[in-house]
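What follows is the content of run_38.cif, which has mmCIF, C-alpha atoms:
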```
data_upload
#
loop_
_atom_site.label_atom_id
_atom_site.label_comp_id
_atom_site.auth_asym_id
_atom_site.auth_seq_id
_atom_site.Cartn_x
_atom_site.Cartn_y
_atom_site.Cartn_z
CA MET D 1 64.05 -48.72 21.11
CA LYS D 2 65.55 -47.36 24.28
CA ILE D 3 64.38 -44.30 26.19
CA LEU D 4 66.57 -42.53 28.71
CA THR D 5 65.42 -39.54 30.73
CA SER D 6 67.31 -36.98 32.75
CA SER D 7 67.26 -37.50 36.51
CA LYS D 8 64.51 -35.92 38.61
CA ILE D 9 62.21 -35.51 35.60
CA ALA D 10 59.30 -36.80 37.69
CA SER D 11 59.71 -34.14 40.39
CA ALA D 12 60.39 -31.40 37.82
CA THR D 13 57.15 -32.14 35.99
CA GLU D 14 54.94 -32.85 39.00
CA ASN D 15 51.47 -31.24 38.77
CA LYS D 16 52.31 -29.67 35.43
CA TYR D 17 50.37 -29.83 32.18
CA ILE D 18 52.56 -31.38 29.48
CA PHE D 19 52.18 -29.91 26.00
CA PHE D 20 53.55 -32.05 23.17
CA ASP D 21 55.13 -30.43 20.12
CA ASN D 22 54.29 -31.99 16.76
CA ASP D 23 57.65 -33.74 16.37
CA PHE D 24 57.24 -35.49 19.72
CA LEU D 25 53.64 -36.48 18.93
CA SER D 26 54.86 -37.94 15.65
CA GLU D 27 57.54 -39.89 17.51
CA LEU D 28 54.83 -41.45 19.70
CA PHE D 29 52.64 -42.17 16.69
CA HIS D 30 55.37 -44.13 14.95
CA ASP D 31 56.32 -46.58 17.68
CA GLU D 32 54.03 -48.26 20.19
CA GLU D 33 56.90 -49.04 22.59
CA VAL D 34 57.93 -45.37 22.69
CA PHE D 35 54.28 -44.40 23.20
CA LYS D 36 53.86 -46.73 26.19
CA GLU D 37 57.21 -45.71 27.71
CA VAL D 38 56.34 -42.03 27.47
CA LEU D 39 53.04 -42.63 29.27
CA ASN D 40 55.11 -44.11 32.10
CA ILE D 41 57.22 -40.95 32.27
CA PHE D 42 54.12 -38.77 32.77
CA PRO D 43 51.68 -40.97 34.71
CA ASN D 44 50.09 -38.14 36.71
CA ASN D 45 50.18 -35.33 34.20
CA PRO D 46 47.45 -34.08 31.89
CA LEU D 47 48.83 -34.38 28.35
CA VAL D 48 47.71 -31.38 26.33
CA VAL D 49 47.66 -30.71 22.60
CA ASP D 50 47.34 -27.17 21.32
CA PRO D 51 44.87 -26.85 18.39
CA LEU D 52 47.66 -25.55 16.14
CA THR D 53 49.86 -28.54 17.03
CA LYS D 54 46.94 -30.79 16.12
CA PHE D 55 46.72 -28.99 12.78
CA GLU D 56 50.44 -29.61 12.19
CA PHE D 57 50.04 -33.27 13.13
CA LEU D 58 47.23 -33.79 10.62
CA ARG D 59 48.42 -31.69 7.71
CA SER D 60 50.20 -33.02 4.61
CA VAL D 61 48.98 -36.58 5.06
CA PHE D 62 47.88 -37.73 1.62
CA LEU D 63 46.62 -41.27 2.31
CA PRO D 64 43.00 -41.31 3.56
CA SER D 65 43.62 -44.43 5.64
CA GLN D 66 46.53 -42.75 7.43
CA THR D 67 44.54 -39.53 7.89
CA ASN D 68 41.82 -41.52 9.65
CA LEU D 69 44.35 -43.22 11.93
CA LYS D 70 46.02 -39.94 12.84
CA LYS D 71 42.64 -38.36 13.61
CA ALA D 72 41.62 -41.34 15.73
CA PHE D 73 44.95 -41.17 17.59
CA ILE D 74 44.97 -37.44 18.36
CA GLU D 75 41.30 -37.34 19.33
CA LYS D 76 41.57 -39.96 22.07
CA ASP D 77 40.85 -38.49 25.49
CA ILE D 78 44.43 -39.17 26.60
CA PHE D 79 45.19 -35.83 24.93
CA ALA D 80 43.30 -32.90 26.39
CA PRO D 81 42.65 -30.18 23.82
CA ALA D 82 43.88 -26.77 24.96
CA THR D 83 41.12 -24.18 25.03
CA LEU D 84 41.07 -21.71 22.15
CA TYR D 85 37.91 -19.66 22.20
CA GLN D 86 37.95 -16.15 20.78
CA GLU D 87 38.90 -14.33 23.98
CA ILE D 88 41.92 -16.59 24.57
CA PHE D 89 42.96 -16.41 20.92
CA LYS D 90 43.18 -12.61 21.15
CA LYS D 91 45.38 -12.86 24.24
CA LEU D 92 47.62 -15.47 22.61
CA GLN D 93 47.88 -13.27 19.53
CA ASP D 94 49.05 -10.34 21.68
CA ASN D 95 51.59 -12.58 23.43
CA ALA D 96 52.81 -13.98 20.10
CA LEU D 97 53.28 -10.50 18.65
CA LEU D 98 55.15 -9.36 21.75
CA LEU D 99 57.35 -12.47 21.68
CA SER D 100 58.13 -11.89 18.00
CA LYS D 101 59.46 -8.43 18.90
CA ILE D 102 61.56 -9.83 21.73
CA TYR D 103 62.94 -12.55 19.44
CA ALA D 104 63.82 -9.96 16.79
CA HIS D 105 65.46 -7.71 19.40
CA GLN D 106 67.40 -10.48 21.16
CA ASP D 107 68.47 -12.14 17.90
CA ARG D 108 69.40 -8.88 16.16
CA ASN D 109 73.12 -9.75 16.11
CA ARG D 110 72.68 -13.43 15.33
CA GLY D 111 71.22 -13.12 11.86
CA THR D 112 67.57 -13.48 11.00
CA ALA D 113 66.07 -16.17 13.16
CA LYS D 114 63.16 -18.14 11.77
CA TYR D 115 60.21 -18.72 14.06
CA SER D 116 57.13 -20.24 12.46
CA PHE D 117 53.60 -19.00 13.08
CA VAL D 118 52.75 -22.21 14.96
CA ASP D 119 55.89 -22.03 17.14
CA LEU D 120 55.15 -18.40 18.01
CA PHE D 121 51.64 -19.28 19.11
CA LEU D 122 52.86 -22.31 21.04
CA ALA D 123 55.38 -20.07 22.81
CA ALA D 124 52.55 -17.60 23.47
CA ARG D 125 50.53 -20.42 25.02
CA LEU D 126 53.45 -21.46 27.27
CA MET D 127 53.79 -17.82 28.31
CA PHE D 128 50.04 -17.51 28.95
CA GLN D 129 50.12 -20.55 31.27
CA TYR D 130 53.72 -20.35 32.40
CA ASN D 131 52.99 -21.46 35.95
CA ILE D 132 51.52 -24.82 34.91
CA ALA D 133 52.60 -25.55 31.33
CA LEU D 134 55.64 -27.48 30.09
CA LEU D 135 56.52 -28.38 26.51
CA VAL D 136 58.24 -31.46 25.12
CA THR D 137 59.95 -30.66 21.81
CA GLY D 138 62.76 -31.94 19.63
CA ASN D 139 63.31 -28.43 18.28
CA LYS D 140 64.85 -26.61 21.21
CA LYS D 141 66.18 -23.90 18.88
CA ASP D 142 62.58 -22.74 18.27
CA PHE D 143 62.28 -21.86 21.97
CA PRO D 144 65.31 -19.65 22.74
CA SER D 145 67.19 -19.80 26.03
CA TYR D 146 66.75 -16.09 26.80
CA LEU D 147 63.05 -16.91 27.47
CA PHE D 148 62.80 -20.64 28.00
CA GLU D 149 64.41 -22.90 30.57
CA VAL D 150 65.26 -26.58 30.09
CA ILE D 151 64.06 -28.69 32.99
CA GLY D 152 64.63 -32.16 31.56
CA VAL D 153 65.56 -34.27 28.56
CA ILE D 154 64.04 -37.43 27.08
CA ASN D 155 66.41 -39.33 24.78
CA ILE D 156 64.78 -41.74 22.34
CA GLU D 157 66.76 -44.28 20.35
CA GLN D 158 65.98 -44.13 16.63
CA ALA D 159 65.84 -47.01 14.13
CA ASP D 160 69.40 -46.22 13.01
CA GLY D 161 70.69 -46.36 16.59
CA ILE D 162 71.11 -42.61 17.03
CA MET D 163 69.69 -41.13 20.26
CA LYS D 164 67.40 -38.18 19.53
CA PRO D 165 66.97 -35.71 22.40
CA TYR D 166 63.59 -34.17 23.24
CA THR D 167 63.73 -31.23 25.60
CA VAL D 168 61.23 -30.59 28.39
CA LEU D 169 61.09 -26.85 28.84
CA ARG D 170 59.12 -24.06 30.45
CA PHE D 171 58.58 -20.37 29.85
CA ASN D 172 60.65 -18.43 32.40
CA ASN D 173 58.73 -15.30 33.31
CA ASP D 174 61.73 -13.68 35.04
CA LYS D 175 63.74 -14.00 31.84
CA PHE D 176 60.78 -12.57 29.95
CA LYS D 177 60.56 -9.52 32.23
CA LYS D 178 64.26 -8.82 31.70
CA CYS D 179 63.95 -9.08 27.91
CA ASN D 180 60.74 -7.04 27.88
CA ASP D 181 62.35 -4.30 30.00
CA GLU D 182 65.27 -4.12 27.54
CA LEU D 183 62.85 -3.87 24.63
CA THR D 184 60.65 -1.26 26.32
CA SER D 185 63.70 0.83 27.22
CA LEU D 186 64.86 0.78 23.59
CA GLN D 187 61.38 1.65 22.34
CA LYS D 188 61.17 4.64 24.68
CA LYS D 189 64.50 5.94 23.39
CA ASN D 190 63.22 5.62 19.83
CA SER D 191 59.79 7.11 20.34
CA MET B 1 49.65 2.91 15.29
CA ALA B 2 53.30 2.71 16.35
CA SER B 3 52.48 3.62 19.93
CA LEU B 4 49.74 0.99 20.05
CA ILE B 5 52.03 -1.77 18.80
CA SER B 6 54.88 -0.96 21.14
CA ASN B 7 52.61 -1.12 24.18
CA ILE B 8 51.47 -4.71 24.00
CA LYS B 9 50.69 -6.01 27.46
CA PRO B 10 51.52 -9.63 28.23
CA HIS B 11 48.57 -11.86 29.08
CA TYR B 12 48.57 -14.62 31.68
CA SER B 13 45.92 -17.20 32.41
CA ASP B 14 44.06 -17.38 35.69
CA GLU B 15 42.40 -20.64 34.77
CA GLY B 16 43.37 -24.21 33.92
CA ALA B 17 44.97 -25.08 30.61
CA THR B 18 42.18 -27.12 29.16
CA SER B 19 38.48 -27.67 29.15
CA LYS B 20 38.92 -31.41 29.57
CA VAL B 21 41.67 -32.71 31.82
CA LYS B 22 42.37 -36.38 32.32
CA LYS B 23 45.57 -37.80 33.77
CA VAL B 24 47.19 -40.81 32.16
CA ASP B 25 46.68 -42.89 35.29
CA ASN B 26 42.94 -42.27 35.14
CA LEU B 27 42.54 -43.69 31.66
CA ASN B 28 41.21 -47.17 31.19
CA SER B 29 43.60 -49.67 29.69
CA GLY B 30 41.27 -50.05 26.70
CA THR B 31 42.14 -46.55 25.49
CA ILE B 32 45.85 -47.28 25.54
CA SER B 33 45.35 -50.64 23.80
CA GLU B 34 43.30 -48.91 21.09
CA MET B 35 46.06 -46.35 20.55
CA VAL B 36 48.70 -49.08 20.35
CA GLY B 37 46.50 -50.76 17.72
CA ILE B 38 46.32 -47.50 15.74
CA ILE B 39 50.11 -47.15 15.80
CA LYS B 40 50.54 -50.71 14.54
CA LYS B 41 48.02 -50.15 11.72
CA ASN B 42 49.90 -47.01 10.70
CA LYS B 43 53.16 -48.98 10.60
CA LYS B 44 51.55 -51.47 8.19
CA ILE B 45 50.35 -48.65 5.93
CA LEU B 46 53.87 -47.17 5.82
CA GLU B 47 55.42 -50.57 5.11
CA GLU B 48 52.92 -51.16 2.30
CA LEU B 49 53.63 -47.72 0.87
CA ALA B 50 57.37 -48.40 0.95
CA ARG B 51 56.85 -51.69 -0.92
CA THR B 52 54.68 -49.95 -3.55
CA ASP B 53 57.34 -47.27 -4.00
CA GLU B 54 59.95 -49.97 -4.63
CA ASN B 55 57.68 -51.57 -7.23
CA PRO B 56 55.38 -48.90 -8.73
CA HIS B 57 53.68 -51.47 -11.03
CA LYS B 58 52.37 -53.45 -8.11
#
```
Mind turning the file's structure into structure tokens?
Amino acid sequence: MKILTSSKIASATENKYIFFDNDFLSELFHDEEVFKEVLNIFPNNPLVVDPLTKFEFLRSVFLPSQTNLKKAFIEKDIFAPATLYQEIFKKLQDNALLLSKIYAHQDRNRGTAKYSFVDLFLAARLMFQYNIALLVTGNKKDFPSYLFEVIGVINIEQADGIMKPYTVLRFNNDKFKKCNDELTSLQKKNS
Amino acid sequence: MASLISNIKPHYSDEGATSKVKKVDNLNSGTISEMVGIIKKNKKILEELARTDENPHK
């Protein structure tokens, strides 16, 4: 397995909290060499797992022995759980609802885009903590470019030799303000 | 209702991301070794499952 990263990824991620999407977590869980290499990419970063990502990681596993291993893996203190008490949940819910409207507005001429409940809440979390939070995901399309900015790429060689790219991205609040202004302007015209 | 929905205010955090923050460099090597062991055990389970699928009477 070979891992190649974009240049300057260390400086781009310095002092940031790194959230892992479920597909990236699963990549780490399936290969110990990839796991150790990734730890070397983020030696000084807190690695954070959102509670909904943890749910995705653990769901649909039907073997009890594998369930126990996944639980043991995700609950190690290498992964800091993101806070989700009631007050934060309400704020994330507001952000997620607002983002869903922006997605629908921005994607209106591109067909119906599909954003899952978990991806909306993960985007809401990145928005909530946009000044410190970065996400590593293999599903860039779930985090559209009119709101999110790519700051690095981690390429991981798969068993069949294909290189799979994982994007390191952040919520861009300037892009958000532009999109939100467009939406608000349209809403005022329609009210 | 419509006016309420269209006036959602964005929320931003003024605190850290987590209740428990530990950097990778601050972890003891035992934790990483344990996690490597977990990954290897999972590989064995998947290999065993693949063998059983090839021969369901096993």
Handout entry: Interatomic distance, atom CA of D:Asn180 to atom CA of D:Phe20 (Å, one decimal)
Key = 26.4 Å
Practice task
Pull out every residue that the PyMOL selection byres ((chain B and resi 38) around 9) matches in the shown coordinates and put them as an MDAnalysis selection string.
Solution key: (chainID D and resid 29 32 69:70 72:73) or (chainID B and resid 33:37 39:43)
Practice task
Apply the PyMOL selection byres ((chain D) within 6 of (chain B)) to the displayed file and report the matching residues as JSON, numbers by chain.
Solution key: {"D": [29, 32, 43, 44, 45, 46, 80, 82, 83, 91, 95, 128, 129]}
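Against this structure, the PyMOL selection byres ((chain D and resi 24) around 8) ends up with D:Phe20, D:Asp21, D:Asn22, D:Asp23, D:Leu25, D:Ser26, D:Glu27, D:Leu28, D:Val136, D:Thr137, D:Gly138, D:Tyr166.
Put simply, atom CA of D:Lys90 is 26.3 Å away from atom CA of D:Asp77.
Note that atom CA of D:Ser65 and atom CA of B:Ala50 are 15.1 Å apart.
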Exercise for the section: Extract, using only C-alpha atoms, all DNA, RNA and protein residues at most 9 Å from D:Ala10, discarding same-chain residues fewer than 4 positions from it, and format them as a ChimeraX atom specification. Expected result: /D:14,41-42
Using only C-alpha atoms, please write the residues we just selected to a file, as a JSON list (two decimals), in the coordinates of the input.
```
[["chain", "number", "residue", "atom", "x", "y", "z"],
["D", 14, "GLU", "CA", 54.94, -32.85, 39.00],
["D", 41, "ILE", "CA", 57.22, -40.95, 32.27],
["D", 42, "PHE", "CA", 54.12, -38.77, 32.77]]
```
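Of the residues listed (D:Leu183, D:Lys71, D:Phe62, D:Val38), D:Leu183 shows the shortest atom-to-atom separation from D:Ser100; distances use only C-alpha atoms.
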Practice task
Pick out the residues sitting within 9 Å of D:Arg125, and hand them over as a list in words; count all atoms listed in the file, and ignore anything fewer than 4 positions along from it in its own chain.
Solution key: Asp50, Leu92, Asn95, Ala96, Leu120, Phe121, Gln129, Tyr130 and Ala133 of chain D
Exercise for the section: List every protein, DNA or RNA residue that has at least one atom no more than 10 Å from (68.9, -34.2, 27.8) in the file's coordinates, counting all atoms listed in the file, and write the result as a PyMOL selection string. Expected result: chain D and resi 4-7+150-155+164-168
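Near (54.1, -25.3, 27.0), the residues inside the 7 Å limit, counting all atoms listed in the file, come to Ile18, Phe19, Leu122, Ala123, Arg125, Leu126, Ala133, Leu134, Leu135 and Arg170 of chain D.
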Saved selection, atoms kept: C-alpha atoms, as an mmCIF file, keeping the file's coordinate frame:
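That gives us out.cif:
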```cif
data_model
loop_
_atom_site.group_PDB
_atom_site.id
_atom_site.type_symbol
_atom_site.label_atom_id
_atom_site.label_comp_id
_atom_site.auth_asym_id
_atom_site.auth_seq_id
_atom_site.Cartn_x
_atom_site.Cartn_y
_atom_site.Cartn_z
ATOM 1 C CA ILE D 18 52.560 -31.380 29.480
ATOM 2 C CA PHE D 19 52.180 -29.910 26.000
ATOM 3 C CA LEU D 122 52.860 -22.310 21.040
ATOM 4 C CA ALA D 123 55.380 -20.070 22.810
ATOM 5 C CA ARG D 125 50.530 -20.420 25.020
ATOM 6 C CA LEU D 126 53.450 -21.460 27.270
ATOM 7 C CA ALA D 133 52.600 -25.550 31.330
ATOM 8 C CA LEU D 134 55.640 -27.480 30.090
ATOM 9 C CA LEU D 135 56.520 -28.380 26.510
ATOM 10 C CA ARG D 170 59.120 -24.060 30.450
#
```
Handout entry: Pick from D:Met163, D:Ile78, D:Leu63, D:Asn131 nearest to B:Glu48, counting only C-alpha atoms
Key = D:Leu63
